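Asks: I'm passing along start-v6.tsv; it holds TSV, C-alpha atoms.
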chain	number	residue	atom	x	y	z
Z	1	MET	CA	76.67	120.14	129.31
Z	2	LEU	CA	73.19	121.51	128.71
Z	3	LEU	CA	74.47	124.81	127.37
Z	4	GLN	CA	77.12	123.41	125.01
Z	5	PRO	CA	74.89	123.22	121.88
Z	6	LEU	CA	73.89	126.86	122.34
Z	7	TRP	CA	77.48	127.96	122.94
Z	8	SER	CA	78.74	125.91	119.97
Z	9	PHE	CA	76.15	127.65	117.79
Z	10	LEU	CA	77.36	131.06	119.00
Z	11	LEU	CA	80.99	130.06	118.44
Z	12	GLY	CA	80.02	129.30	114.85
Z	13	HIS	CA	79.34	133.04	114.59
Z	14	SER	CA	82.47	134.11	116.46
Z	15	SER	CA	83.14	136.87	113.93
Z	16	VAL	CA	79.92	138.53	115.10
Z	17	LEU	CA	80.84	138.14	118.78
Z	18	HIS	CA	84.29	139.59	118.09
Z	19	SER	CA	82.86	142.56	116.20
Z	20	PRO	CA	83.31	145.94	117.95
Z	21	VAL	CA	79.73	146.86	117.06
Z	22	PHE	CA	78.19	143.71	118.55
Z	23	PRO	CA	77.78	144.98	122.17
Z	24	VAL	CA	75.93	148.13	121.03
Z	25	VAL	CA	73.75	146.31	118.50
Z	26	PHE	CA	73.01	143.57	121.05
Z	27	SER	CA	72.06	145.91	123.90
Z	28	LEU	CA	70.02	148.26	121.71
Z	29	GLY	CA	68.33	145.40	119.84
Z	30	ILE	CA	67.44	143.54	123.05
Z	31	TYR	CA	66.23	146.76	124.68
Z	32	LEU	CA	63.89	147.66	121.81
Z	33	SER	CA	62.68	144.04	121.57
Z	34	CYS	CA	61.82	144.06	125.29
Z	35	CYS	CA	60.02	147.39	124.92
Z	36	LEU	CA	57.93	146.29	121.93
Z	37	PRO	CA	55.37	144.07	123.77
Z	38	PHE	CA	54.64	146.83	126.27
Z	39	MET	CA	54.35	149.41	123.49
Z	40	LEU	CA	51.73	147.17	121.89
Z	41	LEU	CA	49.95	146.98	125.25
Z	42	ASP	CA	49.95	150.79	125.40
Z	43	LEU	CA	48.37	150.88	121.95
Z	44	LEU	CA	45.73	148.26	122.79
Z	45	SER	CA	44.90	149.39	126.33
Z	46	SER	CA	43.46	152.66	125.06
Z	47	ARG	CA	40.90	150.58	123.17
Z	48	CYS	CA	40.40	147.67	125.59
Z	49	ALA	CA	39.13	148.15	129.14
Z	50	ALA	CA	40.23	144.62	130.12
Z	51	LEU	CA	43.86	145.61	129.52
Z	52	CYS	CA	43.51	149.04	131.06
Z	53	ARG	CA	42.80	147.51	134.48
Z	54	TYR	CA	46.40	146.28	134.60
Z	55	LYS	CA	47.82	149.78	134.16
Z	56	LEU	CA	49.45	151.16	137.28
Z	57	GLN	CA	48.22	154.65	136.40
Z	58	PRO	CA	44.98	153.98	134.48
Z	59	HIS	CA	44.32	157.62	133.61
Z	60	SER	CA	47.71	158.15	131.99
Z	61	SER	CA	48.38	157.67	128.31
Z	62	VAL	CA	51.49	157.41	126.15
Z	63	SER	CA	51.75	159.93	123.32
Z	64	TRP	CA	53.63	159.51	120.08
Z	65	ALA	CA	55.59	162.65	120.92
Z	66	SER	CA	56.87	161.13	124.18
Z	67	LEU	CA	57.79	157.89	122.40
Z	68	ARG	CA	59.80	159.79	119.77
Z	69	CYS	CA	61.49	161.84	122.49
Z	70	CYS	CA	62.50	158.75	124.48
Z	71	LEU	CA	63.71	156.88	121.41
Z	72	ALA	CA	65.72	159.87	120.18
Z	73	LEU	CA	67.56	160.24	123.51
Z	74	THR	CA	68.29	156.50	123.67
Z	75	LEU	CA	69.77	156.50	120.16
Z	76	TYR	CA	71.72	159.70	120.91
Z	77	ASN	CA	73.35	158.18	124.01
Z	78	HIS	CA	74.16	154.91	122.26
Z	79	LEU	CA	75.63	156.40	119.10
Z	80	LEU	CA	77.55	159.35	120.52
Z	81	PHE	CA	78.79	157.92	123.80
Z	82	ILE	CA	78.30	154.17	124.28
Z	83	PHE	CA	79.53	153.20	120.82
Z	84	PRO	CA	82.89	155.08	121.04
Z	85	LEU	CA	83.51	153.63	124.51
Z	86	THR	CA	82.70	150.16	123.19
Z	87	LEU	CA	85.23	150.63	120.39
Z	88	MET	CA	87.88	151.65	122.92
Z	89	HIS	CA	87.05	148.66	125.15
Z	90	TRP	CA	87.23	146.32	122.14
Z	91	TYR	CA	90.64	147.73	121.19
Z	92	LEU	CA	92.02	147.29	124.72
Z	93	ARG	CA	90.41	143.93	125.56
Z	94	THR	CA	89.69	141.48	122.75
Z	95	PRO	CA	86.95	139.09	123.94
Z	96	HIS	CA	88.13	135.57	124.78
Z	97	LEU	CA	85.76	132.83	123.61
Z	98	PRO	CA	86.54	129.51	125.36
Z	99	PRO	CA	85.47	126.33	123.57
Z	100	GLN	CA	83.47	124.97	126.53
Z	101	ALA	CA	80.17	126.34	127.80
Z	102	PRO	CA	79.77	126.98	131.53
Z	103	PRO	CA	77.75	124.50	133.63
Z	104	LEU	CA	74.15	125.66	133.96
Z	105	PRO	CA	74.23	125.90	137.81
Z	106	ARG	CA	77.32	128.12	137.64
Z	107	LEU	CA	75.74	130.35	135.00
Z	108	LEU	CA	72.55	130.77	137.05
Z	109	ALA	CA	74.48	131.45	140.26
Z	110	GLN	CA	76.75	134.04	138.65
Z	111	VAL	CA	73.84	135.77	136.91
Z	112	LEU	CA	72.11	136.07	140.29
Z	113	VAL	CA	75.25	137.46	141.95
Z	114	CYS	CA	75.71	139.97	139.10
Z	115	LEU	CA	72.09	141.03	139.50
Z	116	LEU	CA	72.42	141.46	143.27
Z	117	LEU	CA	75.63	143.48	142.83
Z	118	PHE	CA	74.02	145.69	140.21
Z	119	ASP	CA	70.99	146.19	142.45
Z	120	PHE	CA	73.22	147.34	145.32
Z	121	GLN	CA	75.33	149.62	143.13
Z	122	SER	CA	72.24	151.17	141.55
Z	123	PHE	CA	70.63	151.65	144.95
Z	124	VAL	CA	73.64	153.58	146.29
Z	125	TRP	CA	73.98	155.63	143.08
Z	126	HIS	CA	70.26	156.36	143.03
Z	127	LEU	CA	70.04	157.30	146.71
Z	128	VAL	CA	73.03	159.65	146.51
Z	129	HIS	CA	71.67	161.36	143.39
Z	130	HIS	CA	68.36	162.01	145.16
Z	131	ARG	CA	69.85	163.11	148.49
Z	132	VAL	CA	72.34	165.57	146.95
Z	133	PRO	CA	70.27	168.29	145.21
Z	134	TRP	CA	73.09	169.35	142.88
Z	135	LEU	CA	73.51	165.78	141.59
Z	136	TYR	CA	69.77	165.40	141.13
Z	137	ARG	CA	69.38	168.66	139.21
Z	138	HIS	CA	72.33	168.10	136.89
Z	139	PHE	CA	72.31	164.35	136.34
Z	140	HIS	CA	69.21	162.43	137.46
Z	141	LYS	CA	66.33	164.85	136.96
Z	142	VAL	CA	66.08	163.95	133.28
Z	143	HIS	CA	64.94	160.43	134.17
Z	144	HIS	CA	62.11	161.86	136.27
Z	145	THR	CA	60.68	163.86	133.39
Z	146	PHE	CA	57.88	161.30	133.22
Z	147	SER	CA	55.98	160.60	136.45
Z	148	SER	CA	53.95	157.99	134.56
Z	149	THR	CA	56.38	155.40	133.25
Z	150	SER	CA	56.24	153.42	130.02
Z	151	ALA	CA	58.70	150.97	128.50
Z	152	LEU	CA	60.73	153.49	126.50
Z	153	THR	CA	61.22	155.74	129.54
Z	154	THR	CA	63.57	153.04	130.88
Z	155	GLU	CA	66.59	154.58	129.17
Z	156	TYR	CA	65.34	158.15	129.14
Z	157	SER	CA	68.30	159.49	131.09
Z	158	GLY	CA	71.30	161.74	130.72
Z	159	VAL	CA	74.74	160.67	129.58
Z	160	TRP	CA	76.22	160.42	133.08
Z	161	GLU	CA	73.42	158.15	134.33
Z	162	THR	CA	73.50	156.00	131.20
Z	163	LEU	CA	77.27	155.52	131.39
Z	164	SER	CA	77.33	154.99	135.18
Z	165	LEU	CA	74.71	152.22	135.19
Z	166	GLY	CA	76.17	150.75	132.00
Z	167	PHE	CA	79.58	150.60	133.70
Z	168	PHE	CA	78.15	148.72	136.69
Z	169	ALA	CA	76.43	146.23	134.41
Z	170	ALA	CA	79.56	145.66	132.30
Z	171	ALA	CA	82.05	145.53	135.19
Z	172	ASN	CA	80.32	142.96	137.41
Z	173	PRO	CA	80.70	139.94	135.08
Z	174	VAL	CA	84.34	140.89	134.52
Z	175	LEU	CA	84.98	141.14	138.28
Z	176	LEU	CA	83.45	137.70	138.78
Z	177	GLY	CA	85.35	136.18	135.86
Z	178	CYS	CA	82.15	135.13	134.14
Z	179	HIS	CA	81.99	133.13	130.93
Z	180	PRO	CA	80.91	135.20	127.87
Z	181	LEU	CA	77.65	133.23	127.75
Z	182	THR	CA	77.00	134.19	131.38
Z	183	GLU	CA	77.64	137.84	130.47
Z	184	LEU	CA	75.10	137.65	127.65
Z	185	ALA	CA	72.54	135.99	129.93
Z	186	PHE	CA	73.02	138.67	132.60
Z	187	PHE	CA	72.75	141.53	130.10
Z	188	LEU	CA	69.58	140.00	128.66
Z	189	LEU	CA	67.97	139.52	132.07
Z	190	ASN	CA	69.06	142.95	133.33
Z	191	ILE	CA	67.62	144.74	130.30
Z	192	TRP	CA	64.33	142.83	130.55
Z	193	LEU	CA	63.91	143.51	134.27
Z	194	SER	CA	64.76	147.19	133.78
Z	195	VAL	CA	62.14	147.53	131.04
Z	196	GLU	CA	59.59	145.62	133.12
Z	197	ASP	CA	60.27	148.03	136.00
Z	198	HIS	CA	59.22	150.95	133.81
Z	199	CYS	CA	56.51	149.26	131.73
Z	200	GLY	CA	53.61	150.84	133.66
Z	201	TYR	CA	51.70	147.56	134.03
Z	202	ASP	CA	51.13	145.12	136.89
Z	203	LEU	CA	50.56	141.96	134.86
Z	204	PRO	CA	49.59	138.55	136.32
Z	205	TRP	CA	52.93	137.04	135.24
Z	206	ALA	CA	55.08	139.97	136.42
Z	207	THR	CA	58.36	139.05	138.08
Z	208	HIS	CA	57.40	140.42	141.49
Z	209	ARG	CA	54.51	137.92	141.59
Z	210	LEU	CA	56.91	135.04	140.98
Z	211	VAL	CA	59.37	135.95	143.77
Z	212	PRO	CA	57.94	135.19	147.25
Z	213	PHE	CA	57.84	137.25	150.47
Z	214	GLY	CA	57.90	140.61	148.70
Z	215	LEU	CA	61.66	140.33	148.10
Z	216	TYR	CA	61.30	141.70	144.57
Z	217	GLY	CA	59.58	145.02	143.95
Z	218	GLY	CA	59.03	145.12	140.21
Z	219	ALA	CA	56.96	147.63	138.27
Z	220	ARG	CA	54.62	148.47	141.19
Z	221	HIS	CA	57.64	149.21	143.38
Z	222	HIS	CA	59.35	151.45	140.83
Z	223	ASP	CA	56.18	153.22	139.76
Z	224	LEU	CA	55.81	154.49	143.33
Z	225	HIS	CA	59.32	155.92	143.09
Z	226	HIS	CA	58.37	157.97	140.03
Z	227	LEU	CA	55.27	159.22	141.86
Z	228	ASN	CA	57.12	159.87	145.13
Z	229	SER	CA	60.85	160.31	144.59
Z	230	ARG	CA	61.67	159.86	148.30
Z	231	CYS	CA	61.22	156.08	148.32
Z	232	ASN	CA	62.12	152.82	146.55
Z	233	TYR	CA	65.60	153.57	145.25
Z	234	ALA	CA	66.69	150.00	144.50
Z	235	PRO	CA	65.78	148.95	140.96
Z	236	TYR	CA	64.77	145.36	141.65
Z	237	PHE	CA	64.94	143.90	145.15
Z	238	THR	CA	63.42	145.45	148.27
Z	239	HIS	CA	65.94	144.58	151.02
Z	240	TRP	CA	68.16	147.66	150.65
Z	241	ASP	CA	65.19	150.04	150.82
Z	242	TRP	CA	63.88	148.12	153.83
Z	243	LEU	CA	67.24	148.45	155.61
Z	244	ALA	CA	67.51	152.15	154.71
Z	245	GLY	CA	63.93	152.91	155.75
Z	246	THR	CA	63.03	154.07	152.24
Z	247	LEU	CA	60.72	151.21	151.30
Z	248	GLN	CA	57.15	152.08	150.35
Z	249	THR	CA	54.56	149.54	149.27
Z	250	PRO	CA	51.24	150.15	147.52
Z	251	GLN	CA	49.45	149.51	150.82
Z	252	ASP	CA	51.38	152.25	152.71
Could I get this file's structure written as structure tokens?

Replies:
Amino acid sequence: MLLQPLWSFLLGHSSVLHSPVFPVVFSLGIYLSCCLPFMLLDLLSSRCAALCRYKLQPHSSVSWASLRCCLALTLYNHLLFIFPLTLMHWYLRTPHLPPQAPPLPRLLAQVLVCLLLFDFQSFVWHLVHHRVPWLYRHFHKVHHTFSSTSALTTEYSGVWETLSLGFFAAANPVLLGCHPLTELAFFLLNIWLSVEDHCGYDLPWATHRLVPFGLYGGARHHDLHHLNSRCNYAPYFTHWDWLAGTLQTPQD
């Protein structure tokens, strides 16, 4: 059991895992940790031409005012909405922590299925909120405030969007009956990929370069959506946009 030592270590801190504040602290802490490297890149790229060539929109810059605005909205949504819902969920469903870790192949397979489900759900949600003007104006327009993305714009969205996508992410592992360690792995990967989507950089080690045949869009894919809101609605993979005729690539 390759994952048993890790899971045994986490079980040794079961009081933390059982805490009602853990999900919020975990998601917010992981989110800000994922944003930090790209924020440092934003700071350095203005002084280093070698880094600037990786920017998807080289002439754009990130201001301190926009960073404060994005961070303030993220904290507002987490403290006033996500945290109370987490408390209610904790009261209704105490987390069960089994003594055994899941087999690594099962964890990897379930994380992939959760990611594919979330990608489909987000694609449908996203497409509907762009195609119905009333939904776009009242719920999704906030996220398109910035046509040039940066890491902290990832969660720059209204309450309805934040709660909707958060519900999809939380519900999928439950529907699949995933182990708590699998849930943590999925949340970690999902947050990282979401931040990478909005980072504003096309780096040599970016995820879309690691997945063959253009199956994964990544930051280049999502940056085009913020420039042209009539394409690339899926957050990660490209197959749903290809089937719907909404796929646009940098070469188009």

Asks: Between Z:Ser15, Z:Gln110, Z:Ser122, Z:Thr86, which is the closest to Z:Leu184 once you count only C-alpha atoms?

Replies: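 Checking each candidate against Z:Leu184, we get Z:Gln110 as the closest.
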
Asks: Would you mind telling me which residue in Z:Leu127, Z:Pro212, Z:Ser66, Z:Ala49 lies nearest to Z:Gly245 when using all atoms listed in the file?

Replies: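 With all atoms listed in the file as the atom set, the closest residue is Z:Leu127.
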
Asks: Excluding stretch 9-13 of chain Z and any residue of its chain fewer than 4 positions from it, enumerate the residues within 12 Å of it, using all atoms listed in the file, and give them as a short mmCIF file (atom, residue, chain, number, x, y, z; two decimals) with C-alpha atoms, in the coordinates of the input.

Replies:
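Saved to around-v8.cif:
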data_model
loop_
_atom_site.label_atom_id
_atom_site.label_comp_id
_atom_site.auth_asym_id
_atom_site.auth_seq_id
_atom_site.Cartn_x
_atom_site.Cartn_y
_atom_site.Cartn_z
CA LEU Z 3 74.47 124.81 127.37
CA GLN Z 4 77.12 123.41 125.01
CA PRO Z 5 74.89 123.22 121.88
CA LEU Z 17 80.84 138.14 118.78
CA HIS Z 18 84.29 139.59 118.09
CA SER Z 19 82.86 142.56 116.20
CA PHE Z 22 78.19 143.71 118.55
CA HIS Z 96 88.13 135.57 124.78
CA LEU Z 97 85.76 132.83 123.61
CA PRO Z 98 86.54 129.51 125.36
CA PRO Z 99 85.47 126.33 123.57
CA GLN Z 100 83.47 124.97 126.53
CA ALA Z 101 80.17 126.34 127.80
CA PRO Z 180 80.91 135.20 127.87
CA LEU Z 181 77.65 133.23 127.75
CA LEU Z 184 75.10 137.65 127.65
#

Asks: Report, in Å with one decimal, the straight-line distance from atom CA of Z:Pro103 to atom CA of Z:Ile30.

Replies: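 Spanning atom CA of Z:Pro103 to atom CA of Z:Ile30 is a straight-line distance of 24.1 Å.
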
Asks: Taking into account all atoms listed in the file, which residue in the set Z:Gln251, Z:Ser60, Z:Ser157, Z:Ser33 is nearest to Z:Val195?

Replies: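 Ranked by minimum distance to Z:Val195, first place goes to Z:Ser33.
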
Asks: For the atom pair atom CA of Z:Gln248 and atom CA of Z:His221, what is the interatomic distance in Å to one decimal place?

Replies: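 Taking atom CA of Z:Gln248 and atom CA of Z:His221, their separation equals 7.6 Å.
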
Asks: Env of stretch 196-203 of chain Z: 8 Å cut, atoms = all atoms listed in the file, seq-sep filter 4 positions within chain, self excluded. Answer as JSON, numbers by chain.

Replies: {"Z": [35, 38, 54, 55, 56, 57, 148, 149, 150, 151, 152, 153, 154, 192, 218, 219, 220, 221, 222, 223, 235, 236]}

Asks: Please report the interatomic distance between atom CA of Z:Asp42 and atom CA of Z:Leu210 in Å with one decimal.

Replies: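 Between these atoms lies a distance of 23.2 Å.
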
Asks: Under the rule that all atoms listed in the file are counted, which of Z:Ser164, Z:Asn77, Z:Leu87, Z:Leu32 is the nearest residue to Z:Val124?

Replies: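 Of Z:Ser164, Z:Asn77, Z:Leu87, Z:Leu32, the one nearest Z:Val124, counting all atoms listed in the file, is Z:Ser164.
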
Asks: So, with all atoms listed in the file as the atoms that count, which of Z:Thr162, Z:Ser229, Z:Thr238, Z:Ser8 lies closest to Z:His144?

Replies: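 Closest to Z:His144 of all the choices is Z:Ser229.
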
Asks: Please list as a list in words every residue within 7 Å of Z:Tyr156, counting only C-alpha atoms and excluding residues in the same chain fewer than 4 positions away.

Replies: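 The residues satisfying every condition are Cys70, Leu73, Thr74 and His143 of chain Z.
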
Asks: List the neighbours of stretch 185-191 of chain Z out to 8 Å using only C-alpha atoms; skip same-chain residues closer than 4 positions along the sequence, and give me the result as a VMD selection string.

Replies: chain Z and resid 27 30 to 31 34 111 114 to 115 169 181 195

Asks: I need the residue nearest Z:Thr207 from this list: Z:Leu176, Z:Ser194, Z:Arg230, Z:Ser14. Use all atoms listed in the file for the distance.

Replies: Z:Ser194
